[in-house]
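Student: This one is input.cif, mmCIF, N, CA and C atoms and all ligand atoms.
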```
data_my_file
#
loop_
_atom_site.label_atom_id
_atom_site.label_comp_id
_atom_site.auth_asym_id
_atom_site.auth_seq_id
_atom_site.Cartn_x
_atom_site.Cartn_y
_atom_site.Cartn_z
N MET X 514 -7.48 20.86 -1.09
CA MET X 514 -6.62 20.13 -0.15
C MET X 514 -6.21 21.07 1.00
N LYS X 515 -6.55 20.70 2.22
CA LYS X 515 -6.27 21.55 3.38
C LYS X 515 -4.78 21.67 3.68
N CYS X 516 -4.35 22.86 3.94
CA CYS X 516 -2.97 23.07 4.39
C CYS X 516 -2.80 22.38 5.75
N PRO X 517 -1.73 21.57 5.92
CA PRO X 517 -1.57 20.85 7.18
C PRO X 517 -1.30 21.78 8.36
N LYS X 518 -0.88 23.00 8.06
CA LYS X 518 -0.53 23.92 9.15
C LYS X 518 -1.70 24.81 9.55
N CYS X 519 -2.24 25.55 8.56
CA CYS X 519 -3.26 26.54 8.91
C CYS X 519 -4.66 26.14 8.45
N LYS X 520 -4.77 24.96 7.79
CA LYS X 520 -6.06 24.39 7.37
C LYS X 520 -6.78 25.16 6.27
N THR X 521 -6.11 26.11 5.67
CA THR X 521 -6.70 26.81 4.54
C THR X 521 -6.85 25.86 3.36
N LEU X 522 -7.92 26.05 2.59
CA LEU X 522 -8.13 25.15 1.45
C LEU X 522 -7.41 25.61 0.18
N ASP X 523 -6.96 26.85 0.16
CA ASP X 523 -6.33 27.37 -1.06
C ASP X 523 -4.85 27.09 -1.09
N SER X 524 -4.45 26.29 -2.09
CA SER X 524 -3.02 26.07 -2.28
C SER X 524 -2.74 26.03 -3.77
N LYS X 525 -1.52 26.34 -4.14
CA LYS X 525 -1.17 26.25 -5.56
C LYS X 525 -0.13 25.17 -5.76
N VAL X 526 -0.19 24.57 -6.95
CA VAL X 526 0.76 23.51 -7.27
C VAL X 526 2.04 24.14 -7.78
N ILE X 527 3.17 23.82 -7.15
CA ILE X 527 4.43 24.40 -7.61
C ILE X 527 5.28 23.40 -8.38
N ASP X 528 4.95 22.11 -8.27
CA ASP X 528 5.69 21.11 -9.03
C ASP X 528 4.86 19.83 -9.13
N SER X 529 4.87 19.19 -10.31
CA SER X 529 4.19 17.91 -10.49
C SER X 529 5.19 16.91 -11.06
N ARG X 530 5.18 15.73 -10.51
CA ARG X 530 6.08 14.71 -11.05
C ARG X 530 5.37 13.38 -11.14
N ILE X 531 5.57 12.69 -12.25
CA ILE X 531 4.99 11.35 -12.40
C ILE X 531 5.97 10.35 -11.82
N ILE X 532 5.49 9.51 -10.90
CA ILE X 532 6.37 8.54 -10.25
C ILE X 532 5.73 7.15 -10.27
N GLU X 533 6.45 6.18 -9.71
CA GLU X 533 5.94 4.81 -9.60
C GLU X 533 5.44 4.28 -10.94
N ASP X 534 6.32 4.32 -11.93
CA ASP X 534 6.00 3.80 -13.27
C ASP X 534 4.76 4.44 -13.88
N GLY X 535 4.60 5.71 -13.66
CA GLY X 535 3.51 6.44 -14.30
C GLY X 535 2.15 6.20 -13.68
N GLN X 536 2.12 5.59 -12.50
CA GLN X 536 0.83 5.29 -11.89
C GLN X 536 0.42 6.30 -10.84
N THR X 537 1.31 7.20 -10.53
CA THR X 537 1.04 8.17 -9.48
C THR X 537 1.59 9.53 -9.88
N ILE X 538 0.87 10.58 -9.54
CA ILE X 538 1.40 11.92 -9.73
C ILE X 538 1.65 12.54 -8.36
N ARG X 539 2.87 12.99 -8.18
CA ARG X 539 3.20 13.66 -6.93
C ARG X 539 3.21 15.16 -7.16
N ARG X 540 2.50 15.90 -6.33
CA ARG X 540 2.46 17.35 -6.48
C ARG X 540 3.00 18.03 -5.23
N ARG X 541 3.85 19.02 -5.47
CA ARG X 541 4.28 19.89 -4.38
C ARG X 541 3.33 21.07 -4.37
N ARG X 542 2.77 21.36 -3.23
CA ARG X 542 1.83 22.47 -3.13
C ARG X 542 2.33 23.50 -2.14
N GLU X 543 1.87 24.72 -2.37
CA GLU X 543 2.20 25.77 -1.43
C GLU X 543 0.92 26.47 -0.99
N CYS X 544 0.75 26.55 0.32
CA CYS X 544 -0.43 27.20 0.88
C CYS X 544 -0.39 28.68 0.54
N GLU X 545 -1.54 29.19 0.09
CA GLU X 545 -1.57 30.59 -0.34
C GLU X 545 -1.67 31.54 0.84
N ARG X 546 -1.92 31.00 2.02
CA ARG X 546 -2.01 31.88 3.18
C ARG X 546 -0.70 31.92 3.97
N CYS X 547 -0.23 30.70 4.38
CA CYS X 547 0.95 30.70 5.25
C CYS X 547 2.22 30.26 4.51
N THR X 548 2.12 29.95 3.21
CA THR X 548 3.21 29.51 2.35
C THR X 548 3.88 28.21 2.80
N CYS X 549 3.20 27.49 3.69
CA CYS X 549 3.68 26.16 4.07
C CYS X 549 3.64 25.27 2.82
N ARG X 550 4.66 24.41 2.66
CA ARG X 550 4.68 23.51 1.51
C ARG X 550 4.38 22.08 1.93
N PHE X 551 3.59 21.41 1.12
CA PHE X 551 3.28 20.01 1.41
C PHE X 551 3.12 19.22 0.12
N THR X 552 3.04 17.91 0.23
CA THR X 552 3.01 17.03 -0.94
C THR X 552 1.71 16.26 -1.00
N THR X 553 1.14 16.15 -2.19
CA THR X 553 -0.03 15.28 -2.34
C THR X 553 0.25 14.24 -3.42
N PHE X 554 -0.43 13.12 -3.33
CA PHE X 554 -0.28 12.06 -4.32
C PHE X 554 -1.61 11.79 -4.98
N GLU X 555 -1.57 11.66 -6.27
CA GLU X 555 -2.81 11.40 -7.00
C GLU X 555 -2.73 10.00 -7.61
N ARG X 556 -3.72 9.18 -7.26
CA ARG X 556 -3.78 7.83 -7.79
C ARG X 556 -5.19 7.53 -8.25
N ARG X 557 -5.30 6.51 -9.09
CA ARG X 557 -6.62 6.06 -9.47
C ARG X 557 -7.33 5.54 -8.22
N GLY X 558 -8.60 5.79 -8.13
CA GLY X 558 -9.34 5.38 -6.94
C GLY X 558 -9.72 3.92 -6.95
N PHE X 559 -9.71 3.32 -5.78
CA PHE X 559 -10.14 1.92 -5.69
C PHE X 559 -11.20 1.81 -4.61
N THR X 560 -12.08 2.80 -4.60
CA THR X 560 -13.01 2.91 -3.48
C THR X 560 -14.08 1.83 -3.50
N ASP X 561 -14.32 1.23 -4.66
CA ASP X 561 -15.43 0.29 -4.72
C ASP X 561 -15.00 -1.16 -4.56
N LEU X 562 -13.73 -1.37 -4.21
CA LEU X 562 -13.27 -2.74 -4.05
C LEU X 562 -13.65 -3.26 -2.65
N MET X 563 -14.41 -4.36 -2.64
CA MET X 563 -14.83 -4.93 -1.36
C MET X 563 -13.95 -6.13 -1.00
N VAL X 564 -13.60 -6.18 0.26
CA VAL X 564 -12.78 -7.29 0.76
C VAL X 564 -13.66 -8.23 1.57
N ILE X 565 -13.64 -9.50 1.20
CA ILE X 565 -14.39 -10.50 1.95
C ILE X 565 -13.46 -11.13 2.97
N LYS X 566 -13.79 -10.96 4.23
CA LYS X 566 -12.91 -11.46 5.29
C LYS X 566 -13.20 -12.93 5.58
N SER X 567 -12.32 -13.53 6.41
CA SER X 567 -12.43 -14.97 6.64
C SER X 567 -13.74 -15.36 7.34
N ASP X 568 -14.34 -14.42 8.07
CA ASP X 568 -15.63 -14.74 8.71
C ASP X 568 -16.81 -14.37 7.79
N ASN X 569 -16.48 -14.12 6.50
CA ASN X 569 -17.48 -13.83 5.47
C ASN X 569 -18.12 -12.46 5.52
N THR X 570 -17.67 -11.61 6.44
CA THR X 570 -18.16 -10.23 6.43
C THR X 570 -17.35 -9.46 5.38
N LYS X 571 -17.94 -8.35 4.94
CA LYS X 571 -17.26 -7.55 3.92
C LYS X 571 -16.87 -6.20 4.47
N GLU X 572 -15.77 -5.69 3.95
CA GLU X 572 -15.41 -4.32 4.28
C GLU X 572 -14.74 -3.68 3.07
N LEU X 573 -14.79 -2.34 3.03
CA LEU X 573 -14.15 -1.64 1.92
C LEU X 573 -12.65 -1.83 1.96
N TYR X 574 -12.07 -2.03 0.79
CA TYR X 574 -10.62 -2.14 0.69
C TYR X 574 -9.96 -0.89 1.24
N ASN X 575 -8.95 -1.08 2.07
CA ASN X 575 -8.28 0.03 2.72
C ASN X 575 -6.79 -0.02 2.41
N ARG X 576 -6.36 0.82 1.49
CA ARG X 576 -4.96 0.82 1.06
C ARG X 576 -4.00 1.09 2.23
N ASP X 577 -4.38 2.04 3.07
CA ASP X 577 -3.50 2.41 4.19
C ASP X 577 -3.27 1.25 5.14
N LYS X 578 -4.35 0.49 5.35
CA LYS X 578 -4.26 -0.64 6.26
C LYS X 578 -3.28 -1.68 5.72
N LEU X 579 -3.41 -1.97 4.43
CA LEU X 579 -2.51 -2.94 3.81
C LEU X 579 -1.08 -2.41 3.80
N LYS X 580 -0.95 -1.12 3.58
CA LYS X 580 0.37 -0.51 3.56
C LYS X 580 1.05 -0.66 4.92
N LYS X 581 0.26 -0.45 5.97
CA LYS X 581 0.80 -0.57 7.32
C LYS X 581 1.36 -1.96 7.57
N SER X 582 0.62 -2.98 7.16
CA SER X 582 1.10 -4.33 7.41
C SER X 582 2.32 -4.65 6.55
N LEU X 583 2.38 -4.03 5.37
CA LEU X 583 3.58 -4.21 4.53
C LEU X 583 4.79 -3.54 5.15
N LEU X 584 4.59 -2.32 5.64
CA LEU X 584 5.71 -1.60 6.26
C LEU X 584 6.21 -2.34 7.48
N LEU X 585 5.27 -2.99 8.16
CA LEU X 585 5.63 -3.79 9.33
C LEU X 585 6.54 -4.96 8.92
N ALA X 586 6.17 -5.58 7.80
CA ALA X 586 6.97 -6.70 7.30
C ALA X 586 8.36 -6.22 6.87
N PHE X 587 8.43 -4.98 6.40
CA PHE X 587 9.71 -4.44 5.94
C PHE X 587 10.50 -3.75 7.06
N ALA X 588 9.93 -3.71 8.26
CA ALA X 588 10.54 -2.96 9.35
C ALA X 588 12.03 -3.24 9.47
N LYS X 589 12.80 -2.17 9.55
CA LYS X 589 14.25 -2.23 9.69
C LYS X 589 14.94 -2.84 8.48
N ARG X 590 14.21 -3.15 7.44
CA ARG X 590 14.84 -3.63 6.21
C ARG X 590 15.10 -2.40 5.34
N GLU X 591 16.07 -2.53 4.45
CA GLU X 591 16.35 -1.40 3.59
C GLU X 591 15.36 -1.38 2.44
N THR X 592 14.31 -0.63 2.61
CA THR X 592 13.36 -0.49 1.52
C THR X 592 12.77 0.89 1.56
N SER X 593 12.39 1.39 0.42
CA SER X 593 11.88 2.74 0.39
C SER X 593 10.36 2.72 0.36
N ASN X 594 9.80 3.85 0.73
CA ASN X 594 8.36 4.01 0.65
C ASN X 594 7.88 3.76 -0.78
N GLU X 595 8.71 4.16 -1.74
CA GLU X 595 8.33 4.01 -3.14
C GLU X 595 8.17 2.55 -3.55
N VAL X 596 9.04 1.69 -3.00
CA VAL X 596 8.95 0.26 -3.30
C VAL X 596 7.61 -0.29 -2.82
N VAL X 597 7.23 0.10 -1.60
CA VAL X 597 5.97 -0.38 -1.02
C VAL X 597 4.78 0.17 -1.82
N GLU X 598 4.83 1.45 -2.18
CA GLU X 598 3.74 2.04 -2.97
C GLU X 598 3.59 1.33 -4.31
N LYS X 599 4.73 0.99 -4.91
CA LYS X 599 4.72 0.33 -6.21
C LYS X 599 4.09 -1.06 -6.10
N MET X 600 4.42 -1.74 -5.01
CA MET X 600 3.82 -3.06 -4.78
C MET X 600 2.31 -2.94 -4.65
N LEU X 601 1.87 -1.94 -3.89
CA LEU X 601 0.43 -1.74 -3.69
C LEU X 601 -0.24 -1.44 -5.03
N ASN X 602 0.40 -0.63 -5.86
CA ASN X 602 -0.16 -0.33 -7.18
C ASN X 602 -0.30 -1.60 -8.02
N ASN X 603 0.76 -2.41 -8.00
CA ASN X 603 0.72 -3.67 -8.76
C ASN X 603 -0.44 -4.54 -8.31
N LEU X 604 -0.58 -4.66 -6.99
CA LEU X 604 -1.63 -5.50 -6.43
C LEU X 604 -3.01 -4.97 -6.81
N GLU X 605 -3.18 -3.65 -6.70
CA GLU X 605 -4.48 -3.06 -7.00
C GLU X 605 -4.84 -3.21 -8.48
N ASN X 606 -3.84 -3.01 -9.34
CA ASN X 606 -4.12 -3.14 -10.77
C ASN X 606 -4.52 -4.55 -11.15
N LYS X 607 -3.84 -5.51 -10.54
CA LYS X 607 -4.15 -6.90 -10.80
C LYS X 607 -5.62 -7.20 -10.47
N ARG X 608 -6.06 -6.66 -9.34
CA ARG X 608 -7.40 -6.97 -8.85
C ARG X 608 -8.51 -6.36 -9.67
N THR X 609 -8.40 -5.05 -9.89
CA THR X 609 -9.54 -4.35 -10.46
C THR X 609 -9.79 -4.72 -11.91
N LEU X 610 -8.84 -5.42 -12.52
CA LEU X 610 -9.06 -5.87 -13.88
C LEU X 610 -10.19 -6.89 -13.93
N LYS X 611 -10.30 -7.68 -12.87
CA LYS X 611 -11.20 -8.82 -12.92
C LYS X 611 -12.52 -8.60 -12.20
N THR X 612 -12.47 -8.05 -10.99
CA THR X 612 -13.65 -8.06 -10.15
C THR X 612 -13.61 -6.89 -9.17
N ASN X 613 -14.74 -6.59 -8.55
CA ASN X 613 -14.70 -5.58 -7.50
C ASN X 613 -14.87 -6.18 -6.11
N GLU X 614 -14.64 -7.51 -6.07
CA GLU X 614 -14.64 -8.19 -4.78
C GLU X 614 -13.40 -9.09 -4.69
N ILE X 615 -12.83 -9.16 -3.52
CA ILE X 615 -11.67 -10.05 -3.35
C ILE X 615 -11.65 -10.54 -1.91
N SER X 616 -11.17 -11.77 -1.71
CA SER X 616 -11.10 -12.27 -0.35
C SER X 616 -9.80 -11.80 0.30
N SER X 617 -9.83 -11.63 1.61
CA SER X 617 -8.63 -11.18 2.31
C SER X 617 -7.52 -12.23 2.15
N LYS X 618 -7.94 -13.47 1.98
CA LYS X 618 -6.99 -14.55 1.77
C LYS X 618 -6.21 -14.36 0.47
N LYS X 619 -6.96 -13.97 -0.58
CA LYS X 619 -6.32 -13.75 -1.88
C LYS X 619 -5.36 -12.56 -1.81
N ILE X 620 -5.78 -11.52 -1.10
CA ILE X 620 -4.89 -10.36 -0.94
C ILE X 620 -3.59 -10.81 -0.31
N GLY X 621 -3.71 -11.61 0.75
CA GLY X 621 -2.52 -12.11 1.44
C GLY X 621 -1.61 -12.90 0.53
N SER X 622 -2.20 -13.78 -0.27
CA SER X 622 -1.34 -14.61 -1.13
C SER X 622 -0.73 -13.79 -2.26
N ASP X 623 -1.48 -12.77 -2.74
CA ASP X 623 -0.91 -11.87 -3.75
C ASP X 623 0.28 -11.08 -3.20
N VAL X 624 0.11 -10.62 -1.96
CA VAL X 624 1.19 -9.88 -1.31
C VAL X 624 2.44 -10.77 -1.19
N LEU X 625 2.22 -12.00 -0.78
CA LEU X 625 3.34 -12.93 -0.64
C LEU X 625 4.04 -13.14 -1.97
N GLU X 626 3.25 -13.22 -3.02
CA GLU X 626 3.79 -13.39 -4.36
C GLU X 626 4.73 -12.23 -4.71
N GLU X 627 4.30 -11.02 -4.38
CA GLU X 627 5.11 -9.83 -4.65
C GLU X 627 6.37 -9.80 -3.78
N LEU X 628 6.19 -10.18 -2.52
CA LEU X 628 7.30 -10.10 -1.56
C LEU X 628 8.40 -11.11 -1.86
N LYS X 629 8.01 -12.21 -2.42
CA LYS X 629 8.93 -13.31 -2.70
C LYS X 629 10.16 -12.80 -3.46
N ASP X 630 9.91 -12.03 -4.50
CA ASP X 630 11.02 -11.53 -5.31
C ASP X 630 11.68 -10.31 -4.69
N GLU X 631 10.89 -9.58 -3.91
CA GLU X 631 11.36 -8.30 -3.41
C GLU X 631 12.32 -8.46 -2.23
N ASP X 632 11.92 -9.25 -1.25
CA ASP X 632 12.69 -9.32 -0.02
C ASP X 632 12.30 -10.57 0.78
N PRO X 633 13.20 -11.56 0.84
CA PRO X 633 12.84 -12.83 1.49
C PRO X 633 12.52 -12.70 2.98
N ILE X 634 13.17 -11.76 3.66
CA ILE X 634 12.90 -11.60 5.09
C ILE X 634 11.51 -11.02 5.31
N ALA X 635 11.19 -10.00 4.53
CA ALA X 635 9.85 -9.40 4.62
C ALA X 635 8.79 -10.44 4.26
N TYR X 636 9.14 -11.28 3.31
CA TYR X 636 8.24 -12.36 2.89
C TYR X 636 7.90 -13.27 4.05
N ILE X 637 8.93 -13.70 4.78
CA ILE X 637 8.71 -14.61 5.91
C ILE X 637 7.94 -13.91 7.03
N ARG X 638 8.28 -12.64 7.26
CA ARG X 638 7.57 -11.88 8.30
C ARG X 638 6.09 -11.76 7.97
N PHE X 639 5.81 -11.39 6.75
CA PHE X 639 4.41 -11.20 6.36
C PHE X 639 3.67 -12.54 6.43
N ALA X 640 4.35 -13.60 5.98
CA ALA X 640 3.73 -14.92 5.98
C ALA X 640 3.40 -15.37 7.40
N SER X 641 4.27 -15.07 8.35
CA SER X 641 4.04 -15.54 9.71
C SER X 641 2.81 -14.88 10.31
N VAL X 642 2.53 -13.65 9.90
CA VAL X 642 1.32 -12.98 10.38
C VAL X 642 0.09 -13.50 9.61
N TYR X 643 0.24 -13.51 8.31
CA TYR X 643 -0.89 -13.84 7.43
C TYR X 643 -1.34 -15.29 7.58
N LYS X 644 -0.37 -16.19 7.68
CA LYS X 644 -0.74 -17.59 7.78
C LYS X 644 -0.94 -18.03 9.23
N SER X 645 -0.56 -17.17 10.16
CA SER X 645 -0.61 -17.45 11.61
C SER X 645 -0.37 -18.94 11.92
N PHE X 646 0.85 -19.31 11.71
CA PHE X 646 1.25 -20.70 11.90
C PHE X 646 0.89 -21.23 13.29
N ASP X 647 0.42 -22.45 13.31
CA ASP X 647 0.01 -23.05 14.57
C ASP X 647 1.21 -23.49 15.39
N SER X 648 2.24 -23.91 14.71
CA SER X 648 3.39 -24.41 15.45
C SER X 648 4.68 -24.04 14.72
N LEU X 649 5.75 -24.21 15.43
CA LEU X 649 7.06 -23.96 14.85
C LEU X 649 7.30 -24.93 13.68
N GLU X 650 6.75 -26.12 13.82
CA GLU X 650 6.92 -27.11 12.76
C GLU X 650 6.28 -26.64 11.44
N ASP X 651 5.08 -26.06 11.57
CA ASP X 651 4.40 -25.52 10.39
C ASP X 651 5.27 -24.46 9.72
N PHE X 652 5.83 -23.60 10.56
CA PHE X 652 6.64 -22.50 10.07
C PHE X 652 7.89 -23.03 9.36
N LYS X 653 8.51 -24.00 9.97
CA LYS X 653 9.72 -24.60 9.38
C LYS X 653 9.39 -25.24 8.03
N ALA X 654 8.27 -25.91 7.99
CA ALA X 654 7.85 -26.56 6.75
C ALA X 654 7.65 -25.51 5.65
N PHE X 655 7.10 -24.36 6.05
CA PHE X 655 6.84 -23.30 5.09
C PHE X 655 8.11 -22.68 4.53
N ILE X 656 9.08 -22.36 5.42
CA ILE X 656 10.30 -21.72 4.92
C ILE X 656 11.26 -22.72 4.30
N GLY X 657 11.10 -23.98 4.69
CA GLY X 657 11.96 -25.02 4.12
C GLY X 657 11.75 -25.10 2.63
ZN ZN X 701 -1.31 27.26 5.38
#
```
Rewrite the structure from the file as structure tokens, please.
Ligand SMILES: [Zn+2]
Tutor:
Amino acid sequence: MKCPKCKTLDSKVIDSRIIEDGQTIRRRRECERCTCRFTTFERRGFTDLMVIKSDNTKELYNRDKLKKSLLLAFAKRETSNEVVEKMLNNLENKRTLKTNEISSKKIGSDVLEELKDEDPIAYIRFASVYKSFDSLEDFKAFIG
């Protein structure tokens, strides 16, 4: 793992902690050259999950991309990075049990399912992007 400061590859682990319900290991590392400290996260890989988009093209599942849209939905809401990471873990675990392909539509509805209990405002925000309502009436019908 490259040091973010001096780009050296040699670092030592100074602390490991299991977080997010045992699904992630967080490590504190120290660069052996410049002693800069940084954090890495270890998770099970989901590199082979393919997402089928609405135009039927496929792309590799991108956790960061989904995380970004989730953080956007949570913008200015009181939520921690850990809550979002935990949601992503839940979603990923649900998927890989069954198949290595998923439609972007299903991802969206799974996210909504998670958000429903977590935060109603984030839920509505995410839904408005994901469902791209045609009219205010559609939107009202949805939140009603
Ligand atoms: Zn360094």
Student: Which neighbours of Val624 in chain X fall inside 8 Å, counting all atoms listed in the file, when residues of the same chain fewer than 6 positions from it are skipped, and could you give them as a list of chain:residue names?
Tutor: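 Final neighbour list, sorted by chain and number: X:Met600, X:Leu604, X:Lys618, X:Tyr636, X:Phe639, X:Ala640.
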Student: Taking only N, CA and C atoms and all ligand atoms into account, list the residues no farther than 6 Å from ligand ZN 701 (chain X), as a VMD selection string.
Tutor: chain X and resid 516 to 521 544 to 549
Student: Based on the backbone DSSP call, show me all residues of range 527-592 of chain X assigned alpha helix (DSSP H), as a list in words.
Tutor: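 Put together, the selection reads Arg576, Asp577, Lys578, Leu579, Lys580, Lys581, Ser582, Leu583, Leu584, Leu585 and Ala586 of chain X.
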Student: Please enclose the listed atoms of range 602-605 of chain X in an axis-aligned box, pad each side by 3 Å, and write out the centre and the three edge lengths in Å, rounded to one decimal, as JSON.
Tutor:
```
{"center_x": -2.0, "center_y": -2.9, "center_z": -7.3, "size_x": 11.6, "size_y": 11.2, "size_z": 8.9}
```
Student: Considering only C-alpha atoms, return as a list in words whatever protein or nucleic-acid residues lie within 12 Å of Asp623 in chain X, sequence-local ones (same chain, fewer than 3 positions apart) excluded.
Tutor: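 Final neighbour list, sorted by chain and number: Leu579, Met600, Leu601, Asn603, Leu604, Glu605, Asn606, Lys607, Arg608, Ile615, Ser616, Ser617, Lys618, Lys619, Ile620, Glu626, Glu627, Leu628, Lys629, Tyr636, Phe639, Ala640 and Tyr643 of chain X.
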Student: Using only C-alpha atoms, find the one residue out of X:Met563, X:Glu543, X:Asp534, X:Glu572 that sits nearest to Leu522 in chain X.
Tutor: X:Glu543
Student: Taking only C-alpha atoms into account, which of X:Met514, X:Arg542, X:Arg576, X:Asp568 comes nearest Asn602 in chain X?
Tutor: X:Arg576
Student: With distances taken over all atoms listed in the file, which residue among X:Asp561, X:Glu533, X:Asp528, X:Asp523 lies nearest Val596 in chain X?
Tutor: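 Ranked by minimum distance to Val596 in chain X, first place goes to X:Glu533.
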Student: Please measure the separation of atom N of Lys580 in chain X and CA of Glu595 in chain X, giving the value in Å to one decimal.
Tutor: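 Distance reported for this atom pair: 12.6 Å.
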Student: Take atom N of Lys581 in chain X and atom C of Asn594 in chain X and report the distance between them in Å, one decimal.
Tutor: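 Value for the atom N of Lys581 in chain X-atom C of Asn594 in chain X distance: 11.0 Å.
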Student: If you run DSSP over the backbone, which residues in range 556-652 of chain X end up strand (DSSP E)? Put them as a PyMOL selection string.
Tutor: chain X and resi 563-565+571-573+614-616
Student: What separation in Å, quoted to one decimal, exists between CA of Arg556 in chain X and CA of Asn569 in chain X?
Tutor: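 Taking CA of Arg556 in chain X and CA of Asn569 in chain X, their separation equals 28.9 Å.
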Student: Would you kindly identify which residues have an atom no farther than 10 Å from (-1.1, 10.4, -8.5), using only C-alpha atoms and the file's own coordinates, and write them out as a PDB file with N, CA and C atoms, keeping the file's coordinate frame?
Tutor:
```pdb
ATOM      1  N   SER X 529       4.870  19.190 -10.310  1.00  0.00           N
ATOM      2  CA  SER X 529       4.190  17.910 -10.490  1.00  0.00           C
ATOM      3  C   SER X 529       5.190  16.910 -11.060  1.00  0.00           C
ATOM      4  N   ARG X 530       5.180  15.730 -10.510  1.00  0.00           N
ATOM      5  CA  ARG X 530       6.080  14.710 -11.050  1.00  0.00           C
ATOM      6  C   ARG X 530       5.370  13.380 -11.140  1.00  0.00           C
ATOM      7  N   ILE X 531       5.570  12.690 -12.250  1.00  0.00           N
ATOM      8  CA  ILE X 531       4.990  11.350 -12.400  1.00  0.00           C
ATOM      9  C   ILE X 531       5.970  10.350 -11.820  1.00  0.00           C
ATOM     10  N   ILE X 532       5.490   9.510 -10.900  1.00  0.00           N
ATOM     11  CA  ILE X 532       6.370   8.540 -10.250  1.00  0.00           C
ATOM     12  C   ILE X 532       5.730   7.150 -10.270  1.00  0.00           C
ATOM     13  N   GLU X 533       6.450   6.180  -9.710  1.00  0.00           N
ATOM     14  CA  GLU X 533       5.940   4.810  -9.600  1.00  0.00           C
ATOM     15  C   GLU X 533       5.440   4.280 -10.940  1.00  0.00           C
ATOM     16  N   GLY X 535       4.600   5.710 -13.660  1.00  0.00           N
ATOM     17  CA  GLY X 535       3.510   6.440 -14.300  1.00  0.00           C
ATOM     18  C   GLY X 535       2.150   6.200 -13.680  1.00  0.00           C
ATOM     19  N   GLN X 536       2.120   5.590 -12.500  1.00  0.00           N
ATOM     20  CA  GLN X 536       0.830   5.290 -11.890  1.00  0.00           C
ATOM     21  C   GLN X 536       0.420   6.300 -10.840  1.00  0.00           C
ATOM     22  N   THR X 537       1.310   7.200 -10.530  1.00  0.00           N
ATOM     23  CA  THR X 537       1.040   8.170  -9.480  1.00  0.00           C
ATOM     24  C   THR X 537       1.590   9.530  -9.880  1.00  0.00           C
ATOM     25  N   ILE X 538       0.870  10.580  -9.540  1.00  0.00           N
ATOM     26  CA  ILE X 538       1.400  11.920  -9.730  1.00  0.00           C
ATOM     27  C   ILE X 538       1.650  12.540  -8.360  1.00  0.00           C
ATOM     28  N   ARG X 539       2.870  12.990  -8.180  1.00  0.00           N
ATOM     29  CA  ARG X 539       3.200  13.660  -6.930  1.00  0.00           C
ATOM     30  C   ARG X 539       3.210  15.160  -7.160  1.00  0.00           C
ATOM     31  N   ARG X 540       2.500  15.900  -6.330  1.00  0.00           N
ATOM     32  CA  ARG X 540       2.460  17.350  -6.480  1.00  0.00           C
ATOM     33  C   ARG X 540       3.000  18.030  -5.230  1.00  0.00           C
ATOM     34  N   THR X 553       1.140  16.150  -2.190  1.00  0.00           N
ATOM     35  CA  THR X 553      -0.030  15.280  -2.340  1.00  0.00           C
ATOM     36  C   THR X 553       0.250  14.240  -3.420  1.00  0.00           C
ATOM     37  N   PHE X 554      -0.430  13.120  -3.330  1.00  0.00           N
ATOM     38  CA  PHE X 554      -0.280  12.060  -4.320  1.00  0.00           C
ATOM     39  C   PHE X 554      -1.610  11.790  -4.980  1.00  0.00           C
ATOM     40  N   GLU X 555      -1.570  11.660  -6.270  1.00  0.00           N
ATOM     41  CA  GLU X 555      -2.810  11.400  -7.000  1.00  0.00           C
ATOM     42  C   GLU X 555      -2.730  10.000  -7.610  1.00  0.00           C
ATOM     43  N   ARG X 556      -3.720   9.180  -7.260  1.00  0.00           N
ATOM     44  CA  ARG X 556      -3.780   7.830  -7.790  1.00  0.00           C
ATOM     45  C   ARG X 556      -5.190   7.530  -8.250  1.00  0.00           C
ATOM     46  N   ARG X 557      -5.300   6.510  -9.090  1.00  0.00           N
ATOM     47  CA  ARG X 557      -6.620   6.060  -9.470  1.00  0.00           C
ATOM     48  C   ARG X 557      -7.330   5.540  -8.220  1.00  0.00           C
ATOM     49  N   GLY X 558      -8.600   5.790  -8.130  1.00  0.00           N
ATOM     50  CA  GLY X 558      -9.340   5.380  -6.940  1.00  0.00           C
ATOM     51  C   GLY X 558      -9.720   3.920  -6.950  1.00  0.00           C
TER      52      GLY X 558
END
```
Student: Identify which of the residues X:Leu585, X:Leu625, X:Arg541, X:Ile637 lies closest to Ser524 in chain X, counting only N, CA and C atoms when measuring atom-to-atom distances.
Tutor: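 For Ser524 in chain X, the nearest of the candidates is X:Arg541.
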Student: Do you know which residues are at most 6 Å from Glu614 in chain X counting all atoms listed in the file, after dropping those on the same chain fewer than 5 positions away, and could you put them as an mmCIF file with N, CA and C atoms, in the coordinates of the input?
Tutor:
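As a result, part34.cif now contains:
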```cif
data_model
loop_
_atom_site.group_PDB
_atom_site.id
_atom_site.type_symbol
_atom_site.label_atom_id
_atom_site.label_comp_id
_atom_site.auth_asym_id
_atom_site.auth_seq_id
_atom_site.Cartn_x
_atom_site.Cartn_y
_atom_site.Cartn_z
ATOM 1 N N LEU X 562 -13.730 -1.370 -4.210
ATOM 2 C CA LEU X 562 -13.270 -2.740 -4.050
ATOM 3 C C LEU X 562 -13.650 -3.260 -2.650
ATOM 4 N N MET X 563 -14.410 -4.360 -2.640
ATOM 5 C CA MET X 563 -14.830 -4.930 -1.360
ATOM 6 C C MET X 563 -13.950 -6.130 -1.000
ATOM 7 N N VAL X 564 -13.600 -6.180 0.260
ATOM 8 C CA VAL X 564 -12.780 -7.290 0.760
ATOM 9 C C VAL X 564 -13.660 -8.230 1.570
ATOM 10 N N ILE X 565 -13.640 -9.500 1.200
ATOM 11 C CA ILE X 565 -14.390 -10.500 1.950
ATOM 12 C C ILE X 565 -13.460 -11.130 2.970
#
```
